[in-house]
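Below: the structure, in structure tokens.
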Amino acid sequence: MAAPGLLDHLADFVRALRSAGVPVGVSEGIDAAAVLGAVDVLDRRQLRAGLATVVVKRPVYRPTYDALFDLWWPARMGDGANRPDVDATPVDPEALRDELMRLLLDGDEEALRRFAREAVATLGGGDAVPGRQSFFSYRVLRALSPDTLVSGLLDALLAGAARGGLAEQVARQTIKERIGALRTAIEEEVRRRVAEERGRDSVARTTVRPMVDQVDFLRAQQQDLAALRRTVAPLARRLAARLAAKRRRGRSGRLDFRRTVRSSLGTGGVPIVTHHRPHWPHKPELVVLCDVSGSVAGFSHFTLMLTAALREQFSRVRAFAFVDTCDEVTRFFAPGADLVDATQRLSREADLVWFDGHSDYGHAFEVFVERWPDAVGPKTSLLVLGDARTNYRSPGSATLKGLVTRSRHAYWLNPEPRRQWGSGDSAADVYAELIEMVECRNADQLGAFVSRLLPV
Amino acid sequence: MPQQSPAFASVADVGKRLSAAGYLTDPAIATTVFLADRLGKPLLVEGPAGVGKTELAKAIASATGSLLIRLQCYEGLDEARALYEWNYKKQLLRIQASPDDSAWDAVHDDVFSEEFLLSRPLLSAIRQTEPTVLLIDETDKADVEVEGLLLEVLSDFQVTIPELGTITAVRRPLVVLTSNATRELSEALKRRCLYLHLDYPAADREREIVLARVPDIGTALADQIVRTVRALRALELKKSPSIAETIDWAHTLLALGLDTLNEEALRATLGVVLKHASDHLRAAGELRLN
């Protein structure tokens, strides 16, 4: 059994996980204690994997778990015991860069991590002002500037092979991965250092990154975007799988009276086996109308992805994009088409800009109704995606109202927080009276909405 | 249930014996398998297709010298296929064959006995007296109701048959569930399991796997293959190459007698790792094959 002090520490850790949004039940907490009793607590890798296996039940929680694990179970305190030159002999950044170059070329992760720790100790520290953070990852990264090593590394990895071809692409990928590992190691170490200074609870609150499906679409950074893309694709697949299952389940429809009576003749007029008419599945018709102007770039990217994913599962999805005029973009998302390619072609080939490239909802709606009058009908679910920022132009509410009346369902997904609706040039409050407007700021909300929307 | 001796002595022991069985582990896998054995909890392995989830269960079975019982899940899987079924044809025969004067009560009790019970994978795993590994494959393919069925089996290792009573495991089997995450499994099921997310392996481990499976291939070529596969995985493809496909690729290159992976070789053998036309185009474009 684990010692009481250790158990308190574990309980503390579990509490921190819960407050960071990782659901850890009571029984999982108990299991975690059992894990402490079973693994070798002094082996950090074992402990990390062992605890993860009981408390992390979805991959999205893993980064949060790792960050908190490093805070609660740090590898060492301070500079660590086994550093020979604790006092600050000014280090030569050039020498460090040479060392880094060698390590990156070698690709030994353990050595890279050790290097990162050294680098943070020597380069990351600033002047110790009481009450202020004194370690920063940007200092280390600026001093080392690993990105400037890329061309040298490429030369070394290619070892004389011709540039520009397959070999270079592969080498680039390898280098990218290794530099990424270095960055992560440096950030980890800085977080640990800061935690020592300020107490881990405050660090846990401020520097642990939000989970992927909680990242705000409008504020997503490059790194988050890549991670988000990976969460949206399975979302659509999951929805489709569930839809398909539900459709099949409604296999038998109304009783087929004639066939039942007919077959009952064989059993002396007793209808032992009943026959049913085949169920006629309702095919959802979906029209997506999507704002792709610059202000909602992060958001529209995902809605387009979702459109593409839905398009692969259902035959009757039509997608339209607009900035200040509107064009049909369904053709870019043919099943099997490559998504990255599709979004590029969309911005290049589709006719989306009419005047100045700022959103004009009124004009876009009018063009939509004029050019595709029969796109929205009584069987259609209409989905409008946009932030409803009209740049003080006409909102075209009458046109939208017409569309909403004609459709079966109509929804508007707005990537802005609800409290900002109607502020400034936002016409969200005007639209919200005509159409059901839903706040959709992250992948979580998007998932919740779509599972509610799709008619079955 | 009597206390049973654990199959593995330590985490290092897991790693050693699994690699002897042809499965190279990393610390996370070894620790999780060790805990599944030690704590007696089912192990849920989730991850993309082709990262060796099913292979892990097989390796555990062969490393511990256990019997492997496999329940393949699919849509429409039900109690009768997963748990047990009454052999009603035999029951009918029994009733017809009974002499006319035999009491109904006797026959009634008789036809619901062990003799007329057909064991399906879950029940047979529980009734084994020898060490057993129960593999429940592709759990996400089964309907949600099946998860409810699994709950009793996985938490208490017992099955209740109304006519016979509750059958409790004599010896707790080591349970491995796999899932491709096409749908989210229920919280109740996940809570009872240890969770292991298997992803594509790190470069070092994948290289070792290739070298272990295709010993004739040189270290340099193995390294090249693994790095190229990783570059392909970094692209946004519909289906990223799996470990099995990496190994196939190594076999292919070996069979063709190629000792380096250049543009020409890649173009000729890309079909081994990428199975979609759009992926081919994309890879060719990104890796500048033309």
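Residue numbers start at 1 in each chain; chains themselves are named A, B, ... in the order of the structure tokens; ligands are numbered from 1 in the order shown.
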Would you mind listing, for every residue of chain B within 7 Å of chain A, the two atoms forming the shortest contact and the distance between them in Å to one decimal, using only C-alpha atoms, sorted by chain and ascending residue number, as CSV?
residue,atom,partner,partner_atom,distance
B:Pro27,CA,A:Gln46,CA,6.6
B:Ala28,CA,A:Ala49,CA,4.9
B:Thr31,CA,A:Gln46,CA,5.9
B:Thr32,CA,A:Gly50,CA,6.1
B:Thr182,CA,A:Arg238,CA,5.5
B:Arg183,CA,A:Arg238,CA,5.3
B:Lys190,CA,A:Lys57,CA,6.8
B:Arg191,CA,A:Glu28,CA,6.9
B:Leu194,CA,A:Thr53,CA,5.3
B:Tyr195,CA,A:Thr53,CA,4.7
B:Leu196,CA,A:Thr53,CA,5.8
B:His197,CA,A:Pro59,CA,6.7
B:Arg227,CA,A:Val170,CA,6.4
B:Thr228,CA,A:Val170,CA,5.6
B:Ala231,CA,A:Val170,CA,5.6
B:Glu263,CA,A:Leu166,CA,6.0
B:Ser278,CA,A:Asp338,CA,6.3
B:Leu287,CA,A:Leu166,CA,5.2
B:Arg288,CA,A:Gly165,CA,5.8
B:Leu289,CA,A:Leu166,CA,6.7
message: To test your reading of the structure, identify every residue in segment 347-391 of chain A that backbone DSSP assigns to alpha helix (DSSP H), and report it as a list of chain:residue names.
response: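 These are the residues in question: A:Ser347, A:Arg348, A:Glu349, A:Tyr361, A:Gly362, A:His363, A:Ala364, A:Phe365, A:Glu366, A:Val367, A:Phe368, A:Val369, A:Glu370, A:Arg371.
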Please produce a file of the residues just selected, as a CSV table (one decimal), in the first residue's frame, where the atoms kept are all heavy atoms.
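Final file, selection.csv:
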chain,number,residue,atom,x,y,z
A,347,SER,N,-10.7,29.1,-52.6
A,347,SER,CA,-10.3,30.6,-52.5
A,347,SER,C,-9.8,31.1,-53.9
A,347,SER,O,-9.9,32.3,-54.1
A,347,SER,CB,-9.3,30.8,-51.4
A,347,SER,OG,-8.2,29.9,-51.6
A,348,ARG,N,-9.3,30.2,-54.7
A,348,ARG,CA,-8.7,30.7,-56.0
A,348,ARG,C,-9.8,30.8,-57.0
A,348,ARG,O,-9.9,31.8,-57.8
A,348,ARG,CB,-7.6,29.7,-56.4
A,348,ARG,CG,-6.5,30.3,-57.2
A,348,ARG,CD,-5.4,29.4,-57.3
A,348,ARG,NE,-5.8,28.0,-57.7
A,348,ARG,CZ,-5.4,26.9,-57.1
A,348,ARG,NH1,-4.6,27.0,-56.1
A,348,ARG,NH2,-5.8,25.7,-57.5
A,349,GLU,N,-10.7,29.8,-57.1
A,349,GLU,CA,-11.5,29.7,-58.3
A,349,GLU,C,-12.9,30.2,-58.1
A,349,GLU,O,-13.6,30.7,-59.0
A,349,GLU,CB,-11.6,28.2,-58.8
A,349,GLU,CG,-10.3,27.7,-59.3
A,349,GLU,CD,-10.3,26.2,-59.6
A,349,GLU,OE1,-11.4,25.7,-59.9
A,349,GLU,OE2,-9.2,25.6,-59.5
A,361,TYR,N,-23.4,40.6,-45.8
A,361,TYR,CA,-24.4,39.5,-45.7
A,361,TYR,C,-25.6,39.8,-46.6
A,361,TYR,O,-26.1,38.9,-47.3
A,361,TYR,CB,-24.8,39.4,-44.3
A,361,TYR,CG,-23.8,38.6,-43.4
A,361,TYR,CD1,-22.6,39.3,-43.1
A,361,TYR,CD2,-24.0,37.3,-43.1
A,361,TYR,CE1,-21.7,38.6,-42.3
A,361,TYR,CE2,-23.1,36.6,-42.4
A,361,TYR,CZ,-21.9,37.2,-42.0
A,361,TYR,OH,-20.9,36.6,-41.3
A,362,GLY,N,-26.1,41.1,-46.6
A,362,GLY,CA,-27.3,41.4,-47.4
A,362,GLY,C,-27.1,41.0,-48.8
A,362,GLY,O,-27.9,40.3,-49.4
A,363,HIS,N,-26.0,41.5,-49.4
A,363,HIS,CA,-25.8,41.2,-50.9
A,363,HIS,C,-25.6,39.7,-51.1
A,363,HIS,O,-26.1,39.2,-52.1
A,363,HIS,CB,-24.6,42.0,-51.3
A,363,HIS,CG,-24.4,41.9,-52.8
A,363,HIS,ND1,-23.4,41.1,-53.4
A,363,HIS,CD2,-25.0,42.5,-53.9
A,363,HIS,CE1,-23.5,41.2,-54.7
A,363,HIS,NE2,-24.5,42.0,-55.0
A,364,ALA,N,-24.9,39.1,-50.2
A,364,ALA,CA,-24.6,37.6,-50.4
A,364,ALA,C,-25.9,36.8,-50.4
A,364,ALA,O,-26.1,36.0,-51.2
A,364,ALA,CB,-23.7,37.1,-49.3
A,365,PHE,N,-26.8,37.2,-49.5
A,365,PHE,CA,-28.1,36.5,-49.4
A,365,PHE,C,-28.9,36.7,-50.7
A,365,PHE,O,-29.5,35.8,-51.2
A,365,PHE,CB,-28.9,36.9,-48.2
A,365,PHE,CG,-28.3,36.5,-46.9
A,365,PHE,CD1,-28.5,37.2,-45.7
A,365,PHE,CD2,-27.6,35.3,-46.8
A,365,PHE,CE1,-28.0,36.8,-44.5
A,365,PHE,CE2,-27.1,34.8,-45.6
A,365,PHE,CZ,-27.3,35.6,-44.4
A,366,GLU,N,-28.9,38.0,-51.1
A,366,GLU,CA,-29.7,38.3,-52.3
A,366,GLU,C,-29.2,37.5,-53.5
A,366,GLU,O,-30.0,36.9,-54.3
A,366,GLU,CB,-29.6,39.8,-52.6
A,366,GLU,CG,-30.7,40.6,-51.9
A,366,GLU,CD,-30.4,42.0,-51.8
A,366,GLU,OE1,-29.8,42.5,-52.8
A,366,GLU,OE2,-30.7,42.7,-50.8
A,367,VAL,N,-27.9,37.5,-53.7
A,367,VAL,CA,-27.3,36.7,-54.8
A,367,VAL,C,-27.7,35.2,-54.7
A,367,VAL,O,-28.0,34.6,-55.7
A,367,VAL,CB,-25.7,36.9,-54.8
A,367,VAL,CG1,-25.1,35.9,-55.8
A,367,VAL,CG2,-25.4,38.3,-55.1
A,368,PHE,N,-27.6,34.7,-53.5
A,368,PHE,CA,-27.9,33.3,-53.3
A,368,PHE,C,-29.3,33.0,-53.7
A,368,PHE,O,-29.6,32.1,-54.4
A,368,PHE,CB,-27.7,33.0,-51.8
A,368,PHE,CG,-28.1,31.6,-51.4
A,368,PHE,CD1,-27.5,30.5,-51.9
A,368,PHE,CD2,-29.2,31.4,-50.5
A,368,PHE,CE1,-27.9,29.2,-51.6
A,368,PHE,CE2,-29.6,30.1,-50.2
A,368,PHE,CZ,-28.9,29.0,-50.7
A,369,VAL,N,-30.3,33.8,-53.3
A,369,VAL,CA,-31.7,33.6,-53.6
A,369,VAL,C,-31.9,33.8,-55.1
A,369,VAL,O,-32.7,33.0,-55.7
A,369,VAL,CB,-32.6,34.6,-52.8
A,369,VAL,CG1,-34.0,34.5,-53.3
A,369,VAL,CG2,-32.5,34.3,-51.3
A,370,GLU,N,-31.2,34.7,-55.7
A,370,GLU,CA,-31.4,35.0,-57.1
A,370,GLU,C,-30.9,33.9,-58.0
A,370,GLU,O,-31.5,33.5,-58.9
A,370,GLU,CB,-30.7,36.3,-57.4
A,370,GLU,CG,-31.3,37.1,-58.6
A,370,GLU,CD,-30.6,38.4,-58.7
A,370,GLU,OE1,-30.8,39.3,-57.9
A,370,GLU,OE2,-29.8,38.5,-59.6
A,371,ARG,N,-29.7,33.4,-57.7
A,371,ARG,CA,-29.1,32.5,-58.6
A,371,ARG,C,-29.5,31.0,-58.3
A,371,ARG,O,-29.5,30.2,-59.2
A,371,ARG,CB,-27.5,32.6,-58.4
A,371,ARG,CG,-27.0,33.8,-59.1
A,371,ARG,CD,-25.5,33.9,-59.1
A,371,ARG,NE,-24.8,32.8,-59.7
A,371,ARG,CZ,-23.5,32.5,-59.7
A,371,ARG,NH1,-22.8,33.3,-59.0
A,371,ARG,NH2,-23.0,31.5,-60.3
message: What does the structure give for the distance between atom CA of Leu7 of chain A and atom CA of Asp66 of chain A, in Å to one decimal?
response: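 Interatomic distance, atom CA of Leu7 of chain A to atom CA of Asp66 of chain A: 19.2 Å.
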- request: Write out as a PyMOL selection string which residues come within 12 Å of Ala142 of chain B when counting only C-alpha atoms, dropping same-chain ones fewer than 2 positions away.
  value: (chain A and resi 241-242+245) or (chain B and resi 71-79+81-82+136-140+144-150+177-185)
message: Just want the 9 Å neighbourhood of Ala212 of chain B, counted on only C-alpha atoms, with same-chain residues fewer than 4 positions away dropped. Output as a ChimeraX atom specification.
response: /B:22,24,207-208
message: Let me make sure I understand: among B:Gln128, B:Leu92, B:Val210, B:Ser19, which one has the smallest atom-to-atom distance to Leu56 of chain B if we use only C-alpha atoms?
response: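 For Leu56 of chain B, the nearest of the candidates is B:Ser19.
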- request: Step one, run DSSP on the backbone; step two, keep only residues of segment 170-246 of chain B assigned to strand (DSSP E or B); then write them as a PyMOL selection string.
  value: chain B and resi 174-179+194-197
Okay, now the selection with N, CA and C atoms, as a PDB file, in the first residue's frame?
ATOM      1  N   LEU B 174      -7.503 -12.689 -18.620  1.00  0.00           N
ATOM      2  CA  LEU B 174      -6.973 -11.368 -18.923  1.00  0.00           C
ATOM      3  C   LEU B 174      -7.723 -10.853 -20.147  1.00  0.00           C
ATOM      4  N   VAL B 175      -8.455  -9.759 -19.982  1.00  0.00           N
ATOM      5  CA  VAL B 175      -9.330  -9.297 -21.057  1.00  0.00           C
ATOM      6  C   VAL B 175      -8.685  -8.138 -21.804  1.00  0.00           C
ATOM      7  N   VAL B 176      -8.668  -8.211 -23.115  1.00  0.00           N
ATOM      8  CA  VAL B 176      -8.187  -7.101 -23.943  1.00  0.00           C
ATOM      9  C   VAL B 176      -9.306  -6.696 -24.875  1.00  0.00           C
ATOM     10  N   LEU B 177      -9.734  -5.443 -24.794  1.00  0.00           N
ATOM     11  CA  LEU B 177     -10.728  -4.928 -25.738  1.00  0.00           C
ATOM     12  C   LEU B 177     -10.015  -4.015 -26.712  1.00  0.00           C
ATOM     13  N   THR B 178     -10.354  -4.089 -27.986  1.00  0.00           N
ATOM     14  CA  THR B 178      -9.760  -3.140 -28.924  1.00  0.00           C
ATOM     15  C   THR B 178     -10.861  -2.295 -29.538  1.00  0.00           C
ATOM     16  N   SER B 179     -10.482  -1.084 -29.963  1.00  0.00           N
ATOM     17  CA  SER B 179     -11.458  -0.181 -30.579  1.00  0.00           C
ATOM     18  C   SER B 179     -10.747   0.754 -31.535  1.00  0.00           C
ATOM     19  N   LEU B 194      -8.711  -0.399 -17.941  1.00  0.00           N
ATOM     20  CA  LEU B 194      -7.511   0.408 -18.074  1.00  0.00           C
ATOM     21  C   LEU B 194      -7.472   0.863 -19.521  1.00  0.00           C
ATOM     22  N   TYR B 195      -7.018   2.084 -19.747  1.00  0.00           N
ATOM     23  CA  TYR B 195      -7.090   2.623 -21.096  1.00  0.00           C
ATOM     24  C   TYR B 195      -5.687   2.804 -21.660  1.00  0.00           C
ATOM     25  N   LEU B 196      -5.500   2.314 -22.866  1.00  0.00           N
ATOM     26  CA  LEU B 196      -4.203   2.506 -23.522  1.00  0.00           C
ATOM     27  C   LEU B 196      -4.466   3.052 -24.908  1.00  0.00           C
ATOM     28  N   HIS B 197      -3.934   4.229 -25.182  1.00  0.00           N
ATOM     29  CA  HIS B 197      -4.068   4.771 -26.522  1.00  0.00           C
ATOM     30  C   HIS B 197      -2.818   4.412 -27.301  1.00  0.00           C
TER      31      HIS B 197
END
Nearest candidate to Asn414 of chain A (options A:Ala181, A:Leu434, A:Leu383, A:Ala388; using only C-alpha atoms):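 Using only C-alpha atoms, the shortest distance to Asn414 of chain A belongs to A:Ala388.
We find atom CA of Leu154 of chain B and atom CA of Gly29 of chain A to be spaced 18.9 Å apart.
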message: What's around Leu237 of chain B at 10 Å? Count only C-alpha atoms, leave out sequence neighbours fewer than 2 positions away in its own chain, and write the answer as a list in words.
response: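 Non-adjacent residues within range: Asp338, Leu339 and Val340 of chain A; Leu232, Arg233, Ala234, Leu235, Lys239, Ser240, Pro241, Leu274, His276, Ser278, Asp279, His280, Arg282 and Ala283 of chain B.
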Take the selection from the previous step and output its residues with all heavy atoms, as a short mmCIF file (atom, residue, chain, number, x, y, z; two decimals), in the first residue's frame.
data_model
loop_
_atom_site.label_atom_id
_atom_site.label_comp_id
_atom_site.auth_asym_id
_atom_site.auth_seq_id
_atom_site.Cartn_x
_atom_site.Cartn_y
_atom_site.Cartn_z
N ASP A 338 -9.32 15.83 -52.17
CA ASP A 338 -8.41 16.15 -51.09
C ASP A 338 -8.81 17.48 -50.45
O ASP A 338 -9.04 18.46 -51.15
CB ASP A 338 -7.01 16.24 -51.68
CG ASP A 338 -6.00 16.42 -50.59
OD1 ASP A 338 -5.75 15.45 -49.90
OD2 ASP A 338 -5.50 17.55 -50.45
N LEU A 339 -8.90 17.49 -49.14
CA LEU A 339 -9.49 18.66 -48.48
C LEU A 339 -8.61 19.90 -48.57
O LEU A 339 -9.09 21.00 -48.86
CB LEU A 339 -9.76 18.33 -47.02
CG LEU A 339 -10.45 19.48 -46.30
CD1 LEU A 339 -11.86 19.63 -46.78
CD2 LEU A 339 -10.40 19.29 -44.82
N VAL A 340 -7.33 19.73 -48.33
CA VAL A 340 -6.42 20.88 -48.37
C VAL A 340 -6.48 21.52 -49.76
O VAL A 340 -6.58 22.74 -49.92
CB VAL A 340 -4.99 20.43 -48.06
CG1 VAL A 340 -4.06 21.62 -48.05
CG2 VAL A 340 -4.94 19.70 -46.74
N LEU B 232 5.07 10.59 -44.81
CA LEU B 232 3.74 10.36 -45.40
C LEU B 232 2.65 10.56 -44.35
O LEU B 232 1.60 11.12 -44.64
CB LEU B 232 3.65 8.94 -45.96
CG LEU B 232 4.41 8.67 -47.25
CD1 LEU B 232 4.35 7.19 -47.60
CD2 LEU B 232 3.85 9.49 -48.39
N ARG B 233 2.92 10.12 -43.12
CA ARG B 233 1.90 10.26 -42.07
C ARG B 233 1.68 11.72 -41.72
O ARG B 233 0.60 12.09 -41.28
CB ARG B 233 2.32 9.50 -40.81
CG ARG B 233 2.13 8.02 -40.95
CD ARG B 233 2.35 7.30 -39.65
NE ARG B 233 2.47 5.87 -39.89
CZ ARG B 233 3.40 5.10 -39.36
NH1 ARG B 233 4.28 5.60 -38.53
NH2 ARG B 233 3.44 3.82 -39.65
N ALA B 234 2.72 12.54 -41.92
CA ALA B 234 2.58 13.95 -41.59
C ALA B 234 1.68 14.66 -42.59
O ALA B 234 1.13 15.71 -42.29
CB ALA B 234 3.94 14.62 -41.54
N LEU B 235 1.55 14.12 -43.81
CA LEU B 235 0.62 14.71 -44.77
C LEU B 235 -0.79 14.41 -44.29
O LEU B 235 -1.02 13.48 -43.54
CB LEU B 235 0.81 14.07 -46.15
CG LEU B 235 2.20 14.10 -46.73
CD1 LEU B 235 2.21 13.37 -48.05
CD2 LEU B 235 2.65 15.52 -46.92
N LYS B 239 -5.97 7.85 -45.39
CA LYS B 239 -5.59 6.68 -44.61
C LYS B 239 -4.08 6.69 -44.49
O LYS B 239 -3.38 6.46 -45.46
CB LYS B 239 -6.09 5.43 -45.33
CG LYS B 239 -5.51 4.12 -44.84
CD LYS B 239 -6.11 3.71 -43.50
CE LYS B 239 -5.50 2.42 -43.02
NZ LYS B 239 -4.11 2.59 -42.56
N SER B 240 -3.59 6.96 -43.28
CA SER B 240 -2.14 6.97 -43.07
C SER B 240 -1.61 5.55 -43.10
O SER B 240 -2.30 4.63 -42.71
CB SER B 240 -1.83 7.61 -41.72
OG SER B 240 -2.13 8.97 -41.76
N PRO B 241 -0.38 5.39 -43.54
CA PRO B 241 0.18 4.04 -43.59
C PRO B 241 0.31 3.44 -42.18
O PRO B 241 0.75 4.12 -41.26
CB PRO B 241 1.57 4.24 -44.21
CG PRO B 241 1.65 5.64 -44.65
CD PRO B 241 0.52 6.41 -44.08
N LEU B 274 -0.04 3.33 -49.72
CA LEU B 274 -1.20 4.22 -49.84
C LEU B 274 -2.25 3.54 -50.70
O LEU B 274 -1.95 3.08 -51.80
CB LEU B 274 -0.79 5.56 -50.47
CG LEU B 274 0.23 6.35 -49.68
CD1 LEU B 274 0.51 7.68 -50.37
CD2 LEU B 274 -0.24 6.60 -48.26
N HIS B 276 -5.45 4.88 -51.53
CA HIS B 276 -6.48 5.73 -52.12
C HIS B 276 -5.86 6.53 -53.26
O HIS B 276 -4.74 7.02 -53.12
CB HIS B 276 -7.03 6.73 -51.10
CG HIS B 276 -7.96 6.10 -50.12
ND1 HIS B 276 -9.28 5.86 -50.40
CD2 HIS B 276 -7.76 5.67 -48.85
CE1 HIS B 276 -9.85 5.29 -49.36
NE2 HIS B 276 -8.95 5.18 -48.40
N SER B 278 -6.62 9.49 -54.27
CA SER B 278 -6.37 10.89 -53.92
C SER B 278 -5.12 11.01 -53.03
O SER B 278 -4.39 11.99 -53.12
CB SER B 278 -7.58 11.48 -53.21
OG SER B 278 -7.83 10.80 -52.02
N ASP B 279 -4.88 9.98 -52.21
CA ASP B 279 -3.68 9.99 -51.38
C ASP B 279 -2.42 9.92 -52.24
O ASP B 279 -1.42 10.57 -51.97
CB ASP B 279 -3.69 8.81 -50.40
CG ASP B 279 -4.64 9.06 -49.24
OD1 ASP B 279 -5.18 10.19 -49.19
OD2 ASP B 279 -4.84 8.16 -48.43
N HIS B 280 -2.50 9.10 -53.31
CA HIS B 280 -1.36 8.98 -54.22
C HIS B 280 -1.01 10.33 -54.81
O HIS B 280 0.14 10.74 -54.81
CB HIS B 280 -1.72 8.03 -55.37
CG HIS B 280 -1.41 6.61 -55.05
ND1 HIS B 280 -0.48 5.88 -55.74
CD2 HIS B 280 -1.90 5.80 -54.11
CE1 HIS B 280 -0.42 4.67 -55.23
NE2 HIS B 280 -1.29 4.60 -54.24
N ARG B 282 -1.78 13.27 -53.75
CA ARG B 282 -1.33 14.21 -52.75
C ARG B 282 0.13 13.93 -52.37
O ARG B 282 0.95 14.85 -52.32
CB ARG B 282 -2.22 14.08 -51.53
CG ARG B 282 -1.84 14.97 -50.43
CD ARG B 282 -3.02 15.32 -49.56
NE ARG B 282 -2.55 16.27 -48.59
CZ ARG B 282 -2.33 17.54 -48.86
NH1 ARG B 282 -2.60 18.00 -50.07
NH2 ARG B 282 -1.86 18.35 -47.96
N ALA B 283 0.44 12.66 -52.14
CA ALA B 283 1.81 12.31 -51.76
C ALA B 283 2.78 12.66 -52.88
O ALA B 283 3.85 13.22 -52.64
CB ALA B 283 1.89 10.83 -51.42
#
For Gly180 of chain A, find every residue with an atom within 12 Å (counting only C-alpha atoms), except residues of its own chain fewer than 3 positions away, and show them as a PDB file with N, CA and C atoms, in the first residue's frame.
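The result, stored in selection-v1.pdb:
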ATOM      1  N   LEU A 104      20.592  17.224 -32.793  1.00  0.00           N
ATOM      2  CA  LEU A 104      19.452  17.144 -33.713  1.00  0.00           C
ATOM      3  C   LEU A 104      19.751  16.169 -34.842  1.00  0.00           C
ATOM      4  N   GLY A 107      19.446  12.620 -33.192  1.00  0.00           N
ATOM      5  CA  GLY A 107      18.063  12.228 -32.968  1.00  0.00           C
ATOM      6  C   GLY A 107      17.843  11.419 -31.707  1.00  0.00           C
ATOM      7  N   GLU A 109      16.486  11.182 -28.310  1.00  0.00           N
ATOM      8  CA  GLU A 109      15.541  12.040 -27.595  1.00  0.00           C
ATOM      9  C   GLU A 109      15.967  12.313 -26.161  1.00  0.00           C
ATOM     10  N   LEU A 112      18.502  14.920 -26.076  1.00  0.00           N
ATOM     11  CA  LEU A 112      17.909  16.203 -26.438  1.00  0.00           C
ATOM     12  C   LEU A 112      17.211  16.825 -25.232  1.00  0.00           C
ATOM     13  N   ARG A 113      16.549  15.964 -24.471  1.00  0.00           N
ATOM     14  CA  ARG A 113      15.864  16.457 -23.269  1.00  0.00           C
ATOM     15  C   ARG A 113      16.875  16.973 -22.249  1.00  0.00           C
ATOM     16  N   ALA A 116      18.014  20.269 -23.310  1.00  0.00           N
ATOM     17  CA  ALA A 116      17.006  21.299 -23.073  1.00  0.00           C
ATOM     18  C   ALA A 116      17.063  21.778 -21.629  1.00  0.00           C
ATOM     19  N   LEU A 141      14.787  29.884 -26.662  1.00  0.00           N
ATOM     20  CA  LEU A 141      14.594  29.645 -28.085  1.00  0.00           C
ATOM     21  C   LEU A 141      15.261  30.724 -28.922  1.00  0.00           C
ATOM     22  N   PRO A 146      16.719  27.448 -33.051  1.00  0.00           N
ATOM     23  CA  PRO A 146      16.908  26.177 -33.765  1.00  0.00           C
ATOM     24  C   PRO A 146      16.480  26.236 -35.230  1.00  0.00           C
ATOM     25  N   ASP A 147      15.544  27.138 -35.556  1.00  0.00           N
ATOM     26  CA  ASP A 147      15.065  27.177 -36.942  1.00  0.00           C
ATOM     27  C   ASP A 147      16.146  27.586 -37.924  1.00  0.00           C
ATOM     28  N   GLN A 173      10.983  16.640 -42.824  1.00  0.00           N
ATOM     29  CA  GLN A 173      10.015  16.123 -41.867  1.00  0.00           C
ATOM     30  C   GLN A 173      10.734  15.642 -40.602  1.00  0.00           C
ATOM     31  N   THR A 174      11.849  14.934 -40.801  1.00  0.00           N
ATOM     32  CA  THR A 174      12.604  14.434 -39.655  1.00  0.00           C
ATOM     33  C   THR A 174      13.074  15.590 -38.780  1.00  0.00           C
ATOM     34  N   ILE A 175      13.609  16.627 -39.438  1.00  0.00           N
ATOM     35  CA  ILE A 175      14.126  17.771 -38.681  1.00  0.00           C
ATOM     36  C   ILE A 175      13.002  18.458 -37.929  1.00  0.00           C
ATOM     37  N   LYS A 176      11.860  18.592 -38.612  1.00  0.00           N
ATOM     38  CA  LYS A 176      10.718  19.264 -37.993  1.00  0.00           C
ATOM     39  C   LYS A 176      10.312  18.535 -36.716  1.00  0.00           C
ATOM     40  N   GLU A 177      10.274  17.220 -36.797  1.00  0.00           N
ATOM     41  CA  GLU A 177       9.890  16.434 -35.630  1.00  0.00           C
ATOM     42  C   GLU A 177      10.864  16.637 -34.482  1.00  0.00           C
ATOM     43  N   ARG A 183      11.485  21.826 -28.584  1.00  0.00           N
ATOM     44  CA  ARG A 183      10.613  22.884 -28.086  1.00  0.00           C
ATOM     45  C   ARG A 183       9.784  22.397 -26.900  1.00  0.00           C
ATOM     46  N   THR A 184       9.170  21.227 -27.079  1.00  0.00           N
ATOM     47  CA  THR A 184       8.346  20.666 -26.012  1.00  0.00           C
ATOM     48  C   THR A 184       9.170  20.477 -24.755  1.00  0.00           C
ATOM     49  N   ALA A 185      10.391  19.962 -24.931  1.00  0.00           N
ATOM     50  CA  ALA A 185      11.242  19.712 -23.765  1.00  0.00           C
ATOM     51  C   ALA A 185      11.566  21.014 -23.056  1.00  0.00           C
ATOM     52  N   ILE A 186      11.848  22.072 -23.849  1.00  0.00           N
ATOM     53  CA  ILE A 186      12.193  23.355 -23.237  1.00  0.00           C
ATOM     54  C   ILE A 186      10.994  23.916 -22.468  1.00  0.00           C
ATOM     55  N   GLU A 187       9.812  23.841 -23.102  1.00  0.00           N
ATOM     56  CA  GLU A 187       8.626  24.374 -22.431  1.00  0.00           C
ATOM     57  C   GLU A 187       8.333  23.630 -21.136  1.00  0.00           C
ATOM     58  N   GLN A 223      -0.690  25.614 -34.394  1.00  0.00           N
ATOM     59  CA  GLN A 223      -0.520  24.292 -33.801  1.00  0.00           C
ATOM     60  C   GLN A 223      -1.879  23.687 -33.441  1.00  0.00           C
TER      61      GLN A 223
END
